[in-house]
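Written out below as structure tokens is the structure these notes cover.
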Amino acid sequence: MDLQFKIFRFDPDVDSEPRFQDYTVTADPWERILDCLNRIKWEQDGTLGYRMSCGHGVCGSDAMKINGRCALACQRLVKDYQGTEVILEPLPTYKVIKDLIVDLDPFFEKVKAIRPYLIGSGSAPEKERLQGHEDNLKLNEVIRCILCACCTASCPVTSENEKFLGPAPLVWAFRYVFDTRDDQTSERLEQLDSPDGAWGCVNHFECTRVCPKEIPVTKSINTIKREIQKVLKRG
Ligand code: SF4
Ligand code: SF4
Ligand code: FES
């Protein structure tokens with residue numbers, strides 16, 4: 001089948017304004033939108049810029065806006081766009097570097113800010129720090145995060161308040177706040193207890209809707225809010 005694409009093009013070094021460029025790709029219904037992008041790049045227009053790596057929903061690098069909603073191009077099938085034009089745009093909120101490639105440095109800075117690593121007390125054990133099955137189950141959903149930024153780019157609060165941590169860093173914060181091996185729970189909750197932290201979330205649920213790993217993002221943020229109230233005796 002033939003699929004019509006309308007793809008956002010902008011090279012800030014050359015172009016004064018963004019534009020959309022049309023392409024037609026012949027593809028099998030079970031191929032992915034990423035396969036079509038590769039075919040455009042390899043067979044029609046080598047100047048098209050986008051990121052990709054694993055091709056299997058693991059690396060998170062091919063996140064983009066597909067027909068108005070943030071998603072991974074490797075997780076969208078051609079058959080689902082039969083009879084419709086496919087409009088590809090870069091992730092919103094972030095600065096465009098070229099075409100579908102955005103600058104995710106501000107996103108990763110916020111993830112770094114929540115200290116996304118285990119901070120244990122005492123001297124390091126000889127082997128790994130073990131965790132019980134029940135404790136591990138609490139983290140089962142959030143550890144699926146691949147840092148694709150679909151959630152944060154879609155969050156209306158993030159687009160209005162650049163200081164808001166945003167959903168993905170909050171998901172990573174959850175992962176360490178509720179890790180029973182971590183020794184910084186109160187300090188972590190203090191950091192999240194602000195209008196730019198967990199309280200910045202106003203329950204739009206857009207993050208949850210777009211997450212390609214089906215993580216209950218908003219529910220996790222609300223769980224952090226309750227933990228702040230419980231542990232820090234707020235509210
Ligand atoms: S639920 Fe919270 S974090 Fe998610 S999109 Fe809405 S405001 Fe943003
Ligand atoms: S929570 Fe989901 S949408 Fe957000 S960065 Fe992680 S995998 Fe991507
Ligand atoms: S290319 Fe790695 S998630 Fe899509």
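Simple scheme: letters A, B, ... for chains in structure tokens order, numbers from 1 for residues in each chain, numbers from 1 for ligands in the order shown.
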
Requested in this report: Tell me which protein, DNA and RNA residues are within 12 Å of Lys95 in chain A, counting only C-alpha atoms, leaving out same-chain ones fewer than 5 positions away, and put them as number ranges by chain.
Outcome: A: 10-12, 90, 100-107, 153, 159

Could you produce a table of the residues of range 175-221 of chain A lying within 10 Å of range 48-69 of chain A, with the nearest pair of atoms per residue and their separation in Å rounded to one decimal, using only C-alpha atoms, ordered by chain and increasing residue number, as a tab-separated table?
```
residue	atom	partner	partner_atom	distance
A:Glu206	CA	A:Arg69	CA	9.7
A:Arg209	CA	A:Arg69	CA	9.5
A:Val210	CA	A:Arg69	CA	7.2
A:Pro212	CA	A:Gly57	CA	7.9
A:Lys213	CA	A:Gly57	CA	8.4
```

I need the residues from that last selection saved to file as a compact mmCIF listing (two decimals), in the first residue's frame (with N, CA, C and O atoms), if you can.
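The new file result_28.txt reads:
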```
# COMPACT_ATOMS: atom_id res chain seq x y z
N GLU A 206 -2.23 13.29 30.42
CA GLU A 206 -1.72 13.15 29.05
C GLU A 206 -0.45 12.28 29.05
O GLU A 206 -0.23 11.49 28.14
N ARG A 209 -1.46 8.71 29.04
CA ARG A 209 -2.04 8.31 27.75
C ARG A 209 -0.97 8.03 26.71
O ARG A 209 -1.11 7.12 25.89
N VAL A 210 0.12 8.81 26.70
CA VAL A 210 1.09 8.65 25.61
C VAL A 210 2.22 7.68 25.94
O VAL A 210 2.96 7.29 25.04
N PRO A 212 4.65 4.96 25.96
CA PRO A 212 4.71 3.74 25.15
C PRO A 212 4.98 2.48 25.97
O PRO A 212 4.83 1.37 25.48
N LYS A 213 5.36 2.65 27.24
CA LYS A 213 5.61 1.48 28.08
C LYS A 213 4.46 1.26 29.06
O LYS A 213 4.57 0.46 29.99
```

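Listed by chain and then residue number, the contacts of ligand 1 are Cys155, Pro156, Val157, Gly166, Pro167, Cys201, Val202, Asn203, His204, Phe205, Glu206, Cys207 and Thr218 of chain A (distance at most 6 Å, using only C-alpha atoms and all ligand atoms).
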
Store the residues picked out above in a file with C-alpha atoms, as an mmCIF file, in the first residue's frame.
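again-v9.cif written:
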```
data_model
loop_
_atom_site.group_PDB
_atom_site.id
_atom_site.type_symbol
_atom_site.label_atom_id
_atom_site.label_comp_id
_atom_site.auth_asym_id
_atom_site.auth_seq_id
_atom_site.Cartn_x
_atom_site.Cartn_y
_atom_site.Cartn_z
ATOM 1 C CA CYS A 155 2.605 17.591 29.564
ATOM 2 C CA PRO A 156 0.754 20.943 29.405
ATOM 3 C CA VAL A 157 2.373 22.048 32.692
ATOM 4 C CA GLY A 166 7.887 16.897 34.601
ATOM 5 C CA PRO A 167 6.486 13.373 34.528
ATOM 6 C CA CYS A 201 1.218 18.008 38.340
ATOM 7 C CA VAL A 202 -2.444 18.869 37.914
ATOM 8 C CA ASN A 203 -3.647 15.467 36.735
ATOM 9 C CA HIS A 204 -4.056 16.033 33.007
ATOM 10 C CA PHE A 205 -3.193 12.346 32.475
ATOM 11 C CA GLU A 206 -1.716 13.152 29.052
ATOM 12 C CA CYS A 207 1.590 11.608 30.198
ATOM 13 C CA THR A 218 -0.002 10.145 36.866
#
```

Report task. Would you please work out which residue, of A:Arg129, A:Arg39, A:Lys110, A:Arg76, is nearest to Asp182 in chain A when using only C-alpha atoms? Result -> A:Arg129

Requested in this report: Excluding range 183-200 of chain A and residues on its chain fewer than 5 positions from it, collect all residues at most 9 Å away from it, counting only C-alpha atoms, and give them as a VMD selection string.
Outcome: chain A and resid 114 to 115 118 to 121 157 to 158 161 to 167 170 173 176 to 178 221 to 222 224 to 225 227 to 228 231 to 232

Could you please take those selected residues and save N, CA and C atoms as a PDB file, in the first residue's frame?
```
ATOM      1  N   ILE A 114      17.126  14.593  40.050  1.00  0.00           N
ATOM      2  CA  ILE A 114      16.477  13.804  41.119  1.00  0.00           C
ATOM      3  C   ILE A 114      17.403  12.691  41.653  1.00  0.00           C
ATOM      4  N   ARG A 115      18.643  12.680  41.197  1.00  0.00           N
ATOM      5  CA  ARG A 115      19.642  11.686  41.614  1.00  0.00           C
ATOM      6  C   ARG A 115      19.121  10.258  41.329  1.00  0.00           C
ATOM      7  N   LEU A 118      20.747   4.585  43.330  1.00  0.00           N
ATOM      8  CA  LEU A 118      20.548   4.141  44.704  1.00  0.00           C
ATOM      9  C   LEU A 118      21.566   4.795  45.636  1.00  0.00           C
ATOM     10  N   ILE A 119      21.070   5.356  46.761  1.00  0.00           N
ATOM     11  CA  ILE A 119      21.989   5.905  47.750  1.00  0.00           C
ATOM     12  C   ILE A 119      21.771   5.105  49.035  1.00  0.00           C
ATOM     13  N   GLY A 120      22.639   4.168  49.291  1.00  0.00           N
ATOM     14  CA  GLY A 120      22.506   3.301  50.461  1.00  0.00           C
ATOM     15  C   GLY A 120      23.339   3.839  51.609  1.00  0.00           C
ATOM     16  N   SER A 121      23.047   3.368  52.803  1.00  0.00           N
ATOM     17  CA  SER A 121      23.846   3.818  53.955  1.00  0.00           C
ATOM     18  C   SER A 121      24.904   2.758  54.278  1.00  0.00           C
ATOM     19  N   VAL A 157       1.707  21.259  31.645  1.00  0.00           N
ATOM     20  CA  VAL A 157       2.373  22.048  32.692  1.00  0.00           C
ATOM     21  C   VAL A 157       3.833  22.285  32.300  1.00  0.00           C
ATOM     22  N   THR A 158       4.486  21.261  31.778  1.00  0.00           N
ATOM     23  CA  THR A 158       5.891  21.402  31.364  1.00  0.00           C
ATOM     24  C   THR A 158       6.032  22.483  30.294  1.00  0.00           C
ATOM     25  N   ASN A 161       5.613  25.870  32.285  1.00  0.00           N
ATOM     26  CA  ASN A 161       6.532  26.163  33.395  1.00  0.00           C
ATOM     27  C   ASN A 161       7.821  25.361  33.204  1.00  0.00           C
ATOM     28  N   GLU A 162       8.856  26.023  32.712  1.00  0.00           N
ATOM     29  CA  GLU A 162      10.071  25.263  32.400  1.00  0.00           C
ATOM     30  C   GLU A 162      10.797  24.757  33.644  1.00  0.00           C
ATOM     31  N   LYS A 163      10.367  25.239  34.826  1.00  0.00           N
ATOM     32  CA  LYS A 163      10.997  24.742  36.060  1.00  0.00           C
ATOM     33  C   LYS A 163      10.352  23.441  36.561  1.00  0.00           C
ATOM     34  N   PHE A 164       9.149  23.136  36.078  1.00  0.00           N
ATOM     35  CA  PHE A 164       8.454  21.922  36.528  1.00  0.00           C
ATOM     36  C   PHE A 164       9.297  20.701  36.166  1.00  0.00           C
ATOM     37  N   LEU A 165       9.518  19.829  37.146  1.00  0.00           N
ATOM     38  CA  LEU A 165      10.337  18.635  36.908  1.00  0.00           C
ATOM     39  C   LEU A 165       9.806  17.815  35.738  1.00  0.00           C
ATOM     40  N   GLY A 166       8.497  17.654  35.696  1.00  0.00           N
ATOM     41  CA  GLY A 166       7.887  16.897  34.601  1.00  0.00           C
ATOM     42  C   GLY A 166       7.728  15.427  34.948  1.00  0.00           C
ATOM     43  N   PRO A 167       6.860  14.746  34.179  1.00  0.00           N
ATOM     44  CA  PRO A 167       6.486  13.373  34.528  1.00  0.00           C
ATOM     45  C   PRO A 167       7.622  12.356  34.528  1.00  0.00           C
ATOM     46  N   LEU A 170       9.752  12.520  37.560  1.00  0.00           N
ATOM     47  CA  LEU A 170       8.965  12.112  38.726  1.00  0.00           C
ATOM     48  C   LEU A 170       8.808  10.585  38.769  1.00  0.00           C
ATOM     49  N   ALA A 173      11.951   9.479  40.170  1.00  0.00           N
ATOM     50  CA  ALA A 173      11.974   9.785  41.601  1.00  0.00           C
ATOM     51  C   ALA A 173      11.203   8.713  42.367  1.00  0.00           C
ATOM     52  N   TYR A 176      13.120   5.566  43.163  1.00  0.00           N
ATOM     53  CA  TYR A 176      14.074   5.564  44.289  1.00  0.00           C
ATOM     54  C   TYR A 176      13.418   5.866  45.633  1.00  0.00           C
ATOM     55  N   VAL A 177      12.346   6.668  45.626  1.00  0.00           N
ATOM     56  CA  VAL A 177      11.634   6.929  46.886  1.00  0.00           C
ATOM     57  C   VAL A 177      11.101   5.613  47.460  1.00  0.00           C
ATOM     58  N   PHE A 178      10.601   4.737  46.579  1.00  0.00           N
ATOM     59  CA  PHE A 178       9.978   3.495  47.049  1.00  0.00           C
ATOM     60  C   PHE A 178      10.904   2.280  46.957  1.00  0.00           C
ATOM     61  N   ILE A 221       2.793   9.714  40.273  1.00  0.00           N
ATOM     62  CA  ILE A 221       3.009  11.065  40.824  1.00  0.00           C
ATOM     63  C   ILE A 221       2.083  11.293  42.020  1.00  0.00           C
ATOM     64  N   ASN A 222       0.844  10.833  41.895  1.00  0.00           N
ATOM     65  CA  ASN A 222      -0.095  11.007  43.015  1.00  0.00           C
ATOM     66  C   ASN A 222       0.338  10.184  44.233  1.00  0.00           C
ATOM     67  N   ILE A 224       3.459   9.663  45.026  1.00  0.00           N
ATOM     68  CA  ILE A 224       4.535  10.478  45.629  1.00  0.00           C
ATOM     69  C   ILE A 224       3.908  11.578  46.495  1.00  0.00           C
ATOM     70  N   LYS A 225       2.850  12.220  45.985  1.00  0.00           N
ATOM     71  CA  LYS A 225       2.200  13.300  46.761  1.00  0.00           C
ATOM     72  C   LYS A 225       1.714  12.770  48.105  1.00  0.00           C
ATOM     73  N   GLU A 227       2.851  10.212  49.710  1.00  0.00           N
ATOM     74  CA  GLU A 227       4.021   9.866  50.542  1.00  0.00           C
ATOM     75  C   GLU A 227       4.623  11.132  51.157  1.00  0.00           C
ATOM     76  N   ILE A 228       4.604  12.231  50.416  1.00  0.00           N
ATOM     77  CA  ILE A 228       5.090  13.512  50.963  1.00  0.00           C
ATOM     78  C   ILE A 228       4.243  13.870  52.185  1.00  0.00           C
ATOM     79  N   VAL A 231       5.051  11.128  55.070  1.00  0.00           N
ATOM     80  CA  VAL A 231       6.402  11.115  55.673  1.00  0.00           C
ATOM     81  C   VAL A 231       6.794  12.488  56.203  1.00  0.00           C
ATOM     82  N   LEU A 232       6.440  13.527  55.473  1.00  0.00           N
ATOM     83  CA  LEU A 232       6.848  14.878  55.902  1.00  0.00           C
ATOM     84  C   LEU A 232       5.752  15.554  56.724  1.00  0.00           C
TER      85      LEU A 232
END
```

Report task. Counting only C-alpha atoms and all ligand atoms, name the residues that have an atom within 9 Å of an atom of ligand 2; the answer should be given as a PyMOL selection string. Result -> chain A and resi 60+63+70-71+142-154+167-172+207-217

Once you have the residues from the selection above, write them out as a short mmCIF file (atom, residue, chain, number, x, y, z; two decimals), in the first residue's frame, restricted to N, CA, C and O atoms.
```cif
data_model
loop_
_atom_site.label_atom_id
_atom_site.label_comp_id
_atom_site.auth_asym_id
_atom_site.auth_seq_id
_atom_site.Cartn_x
_atom_site.Cartn_y
_atom_site.Cartn_z
N GLY A 60 14.14 4.38 23.06
CA GLY A 60 13.36 5.61 23.23
C GLY A 60 13.79 6.75 22.33
O GLY A 60 13.29 7.87 22.46
N ALA A 63 11.21 8.94 19.50
CA ALA A 63 9.97 9.59 19.94
C ALA A 63 9.72 10.83 19.09
O ALA A 63 10.64 11.60 18.83
N CYS A 70 2.38 12.25 20.83
CA CYS A 70 3.76 11.76 20.98
C CYS A 70 3.77 10.24 21.05
O CYS A 70 2.97 9.64 21.77
N ALA A 71 4.70 9.64 20.31
CA ALA A 71 4.78 8.17 20.24
C ALA A 71 6.14 7.77 19.68
O ALA A 71 6.89 8.62 19.21
N VAL A 142 7.37 1.23 37.11
CA VAL A 142 8.17 2.42 36.78
C VAL A 142 9.53 2.07 36.18
O VAL A 142 10.10 2.87 35.42
N ILE A 143 10.05 0.87 36.48
CA ILE A 143 11.37 0.55 35.92
C ILE A 143 11.30 0.25 34.42
O ILE A 143 12.33 0.06 33.78
N ARG A 144 10.07 0.28 33.87
CA ARG A 144 9.96 0.09 32.41
C ARG A 144 10.32 1.37 31.64
O ARG A 144 10.41 1.35 30.42
N CYS A 145 10.50 2.49 32.37
CA CYS A 145 10.73 3.76 31.67
C CYS A 145 12.00 3.72 30.83
O CYS A 145 13.06 3.31 31.29
N ILE A 146 11.88 4.15 29.57
CA ILE A 146 13.03 4.15 28.66
C ILE A 146 13.49 5.58 28.35
O ILE A 146 14.25 5.81 27.42
N LEU A 147 12.98 6.55 29.12
CA LEU A 147 13.38 7.96 28.97
C LEU A 147 13.20 8.46 27.54
O LEU A 147 14.08 9.11 26.98
N CYS A 148 12.04 8.15 26.97
CA CYS A 148 11.78 8.60 25.59
C CYS A 148 11.34 10.06 25.56
O CYS A 148 11.38 10.69 24.51
N ALA A 149 10.85 10.58 26.69
CA ALA A 149 10.39 11.97 26.84
C ALA A 149 9.01 12.24 26.24
O ALA A 149 8.55 13.38 26.24
N CYS A 150 8.31 11.20 25.75
CA CYS A 150 6.95 11.42 25.21
C CYS A 150 6.06 12.08 26.26
O CYS A 150 5.29 13.00 25.96
N CYS A 151 6.15 11.59 27.51
CA CYS A 151 5.27 12.11 28.57
C CYS A 151 5.55 13.58 28.85
O CYS A 151 4.64 14.41 28.89
N THR A 152 6.82 13.89 29.03
CA THR A 152 7.19 15.25 29.42
C THR A 152 6.89 16.23 28.30
O THR A 152 6.40 17.34 28.53
N ALA A 153 7.15 15.82 27.07
CA ALA A 153 6.87 16.70 25.93
C ALA A 153 5.37 16.95 25.77
O ALA A 153 4.97 17.98 25.25
N SER A 154 4.56 16.01 26.23
CA SER A 154 3.09 16.14 26.08
C SER A 154 2.45 16.86 27.26
O SER A 154 1.27 17.20 27.20
N PRO A 167 6.86 14.75 34.18
CA PRO A 167 6.49 13.37 34.53
C PRO A 167 7.62 12.36 34.53
O PRO A 167 7.70 11.54 35.45
N ALA A 168 8.50 12.36 33.55
CA ALA A 168 9.53 11.30 33.53
C ALA A 168 10.48 11.40 34.73
O ALA A 168 10.73 10.40 35.41
N PRO A 169 10.99 12.60 35.06
CA PRO A 169 11.83 12.67 36.27
C PRO A 169 11.06 12.25 37.52
O PRO A 169 11.64 11.66 38.44
N LEU A 170 9.75 12.52 37.56
CA LEU A 170 8.96 12.11 38.73
C LEU A 170 8.81 10.59 38.77
O LEU A 170 8.80 9.98 39.84
N VAL A 171 8.70 9.97 37.60
CA VAL A 171 8.66 8.50 37.55
C VAL A 171 9.96 7.93 38.10
O VAL A 171 9.97 6.97 38.87
N TRP A 172 11.09 8.55 37.73
CA TRP A 172 12.38 8.08 38.24
C TRP A 172 12.53 8.38 39.73
O TRP A 172 13.14 7.61 40.47
N CYS A 207 0.37 12.42 30.09
CA CYS A 207 1.59 11.61 30.20
C CYS A 207 1.25 10.13 30.20
O CYS A 207 1.89 9.32 29.52
N THR A 208 0.24 9.77 30.95
CA THR A 208 -0.17 8.36 31.06
C THR A 208 -0.70 7.86 29.71
O THR A 208 -0.41 6.75 29.29
N ARG A 209 -1.46 8.71 29.04
CA ARG A 209 -2.04 8.31 27.75
C ARG A 209 -0.97 8.03 26.71
O ARG A 209 -1.11 7.12 25.89
N VAL A 210 0.12 8.81 26.70
CA VAL A 210 1.09 8.65 25.61
C VAL A 210 2.22 7.68 25.94
O VAL A 210 2.96 7.29 25.04
N CYS A 211 2.39 7.29 27.20
CA CYS A 211 3.57 6.49 27.56
C CYS A 211 3.61 5.18 26.77
O CYS A 211 2.72 4.34 26.89
N PRO A 212 4.65 4.96 25.96
CA PRO A 212 4.71 3.74 25.15
C PRO A 212 4.98 2.48 25.97
O PRO A 212 4.83 1.37 25.48
N LYS A 213 5.36 2.65 27.24
CA LYS A 213 5.61 1.48 28.08
C LYS A 213 4.46 1.26 29.06
O LYS A 213 4.57 0.46 29.99
N GLU A 214 3.36 1.96 28.84
CA GLU A 214 2.14 1.82 29.65
C GLU A 214 2.41 1.93 31.15
O GLU A 214 1.88 1.16 31.97
N ILE A 215 3.23 2.88 31.50
CA ILE A 215 3.51 3.15 32.92
C ILE A 215 2.39 4.05 33.46
O ILE A 215 2.01 5.03 32.80
N PRO A 216 1.84 3.74 34.62
CA PRO A 216 0.80 4.61 35.20
C PRO A 216 1.46 5.88 35.77
O PRO A 216 1.64 6.02 37.00
N VAL A 217 1.84 6.79 34.88
CA VAL A 217 2.67 7.94 35.27
C VAL A 217 1.95 8.83 36.29
O VAL A 217 2.50 9.14 37.36
#
```

Report task. Check range 10-135 of chain A with DSSP on the backbone and list each residue it calls helix (DSSP H, G or I), as number ranges by chain. Result -> A: 33-44, 73-75, 78-81, 105-113, 133-135

Report task. With a distance cut-off of 12 Å and only C-alpha atoms, select the neighbouring residues of Gln82 in chain A, excluding the residue or stretch itself and same-chain residues fewer than 5 positions from it, and output the selection as a list in words. Result ->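 My list of contacting residues is Met1, Asp2, Leu3, Gln4, Phe5, Thr26, Ala27, Asp28, Pro29, Trp30, Ile33 and Leu77 of chain A.
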
Same residues, N, CA and C atoms, saved as a short mmCIF file (atom, residue, chain, number, x, y, z; two decimals), in the first residue's frame:
```cif
data_model
loop_
_atom_site.label_atom_id
_atom_site.label_comp_id
_atom_site.auth_asym_id
_atom_site.auth_seq_id
_atom_site.Cartn_x
_atom_site.Cartn_y
_atom_site.Cartn_z
N MET A 1 0.84 -1.20 0.00
CA MET A 1 0.00 0.00 0.00
C MET A 1 0.88 1.26 0.00
N ASP A 2 0.31 2.34 -0.57
CA ASP A 2 1.04 3.62 -0.57
C ASP A 2 0.60 4.47 0.63
N LEU A 3 1.58 5.02 1.31
CA LEU A 3 1.27 5.87 2.48
C LEU A 3 1.81 7.27 2.21
N GLN A 4 0.95 8.26 2.48
CA GLN A 4 1.37 9.66 2.27
C GLN A 4 1.91 10.23 3.58
N PHE A 5 3.07 10.83 3.52
CA PHE A 5 3.69 11.46 4.70
C PHE A 5 3.80 12.96 4.50
N THR A 26 5.84 3.25 -0.39
CA THR A 26 5.14 1.98 -0.57
C THR A 26 5.59 1.05 0.55
N ALA A 27 4.63 0.58 1.34
CA ALA A 27 5.00 -0.22 2.52
C ALA A 27 4.02 -1.35 2.75
N ASP A 28 4.49 -2.38 3.41
CA ASP A 28 3.68 -3.51 3.81
C ASP A 28 2.85 -3.07 5.03
N PRO A 29 1.59 -3.51 5.16
CA PRO A 29 0.77 -3.07 6.30
C PRO A 29 1.41 -3.33 7.66
N TRP A 30 2.24 -4.39 7.78
CA TRP A 30 2.81 -4.74 9.08
C TRP A 30 4.15 -4.07 9.33
N ILE A 33 6.13 2.71 11.11
CA ILE A 33 6.37 4.07 10.62
C ILE A 33 7.88 4.32 10.54
N LEU A 77 2.26 0.96 13.51
CA LEU A 77 2.21 0.15 12.30
C LEU A 77 1.53 0.88 11.15
#
```

Report task. Measure the distance from CA of Leu34 in chain A to CA of Arg19 in chain A in Å and round it to one decimal. Result -> 20.7 Å

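Using only C-alpha atoms and all ligand atoms, the shortest contact distance between ligand 3 and any of A:Gln75, A:Thr84, A:Leu139, A:Asp99 is found at A:Gln75.
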
Requested in this report: Please identify which residues in range 12-214 of chain A DSSP calls strand (DSSP E) from the backbone, and express them as a PyMOL selection string.
Outcome: chain A and resi 19-26+63-66+69-72+86-89+96-98+101-102

**Report entry** Nearest candidate to ligand 3 (options A:Glu89, A:Glu126, A:Asp45, A:Asp35; using only C-alpha atoms and all ligand atoms)
**Finding:**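 Using only C-alpha atoms and all ligand atoms, ligand 3 sits closest to A:Asp35.
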
Requested in this report: Identify which of the residues A:Ala124, A:Leu130, A:Cys74, A:Ile87 lies closest to ligand 3, counting only C-alpha atoms and all ligand atoms when measuring atom-to-atom distances.
Outcome: A:Cys74
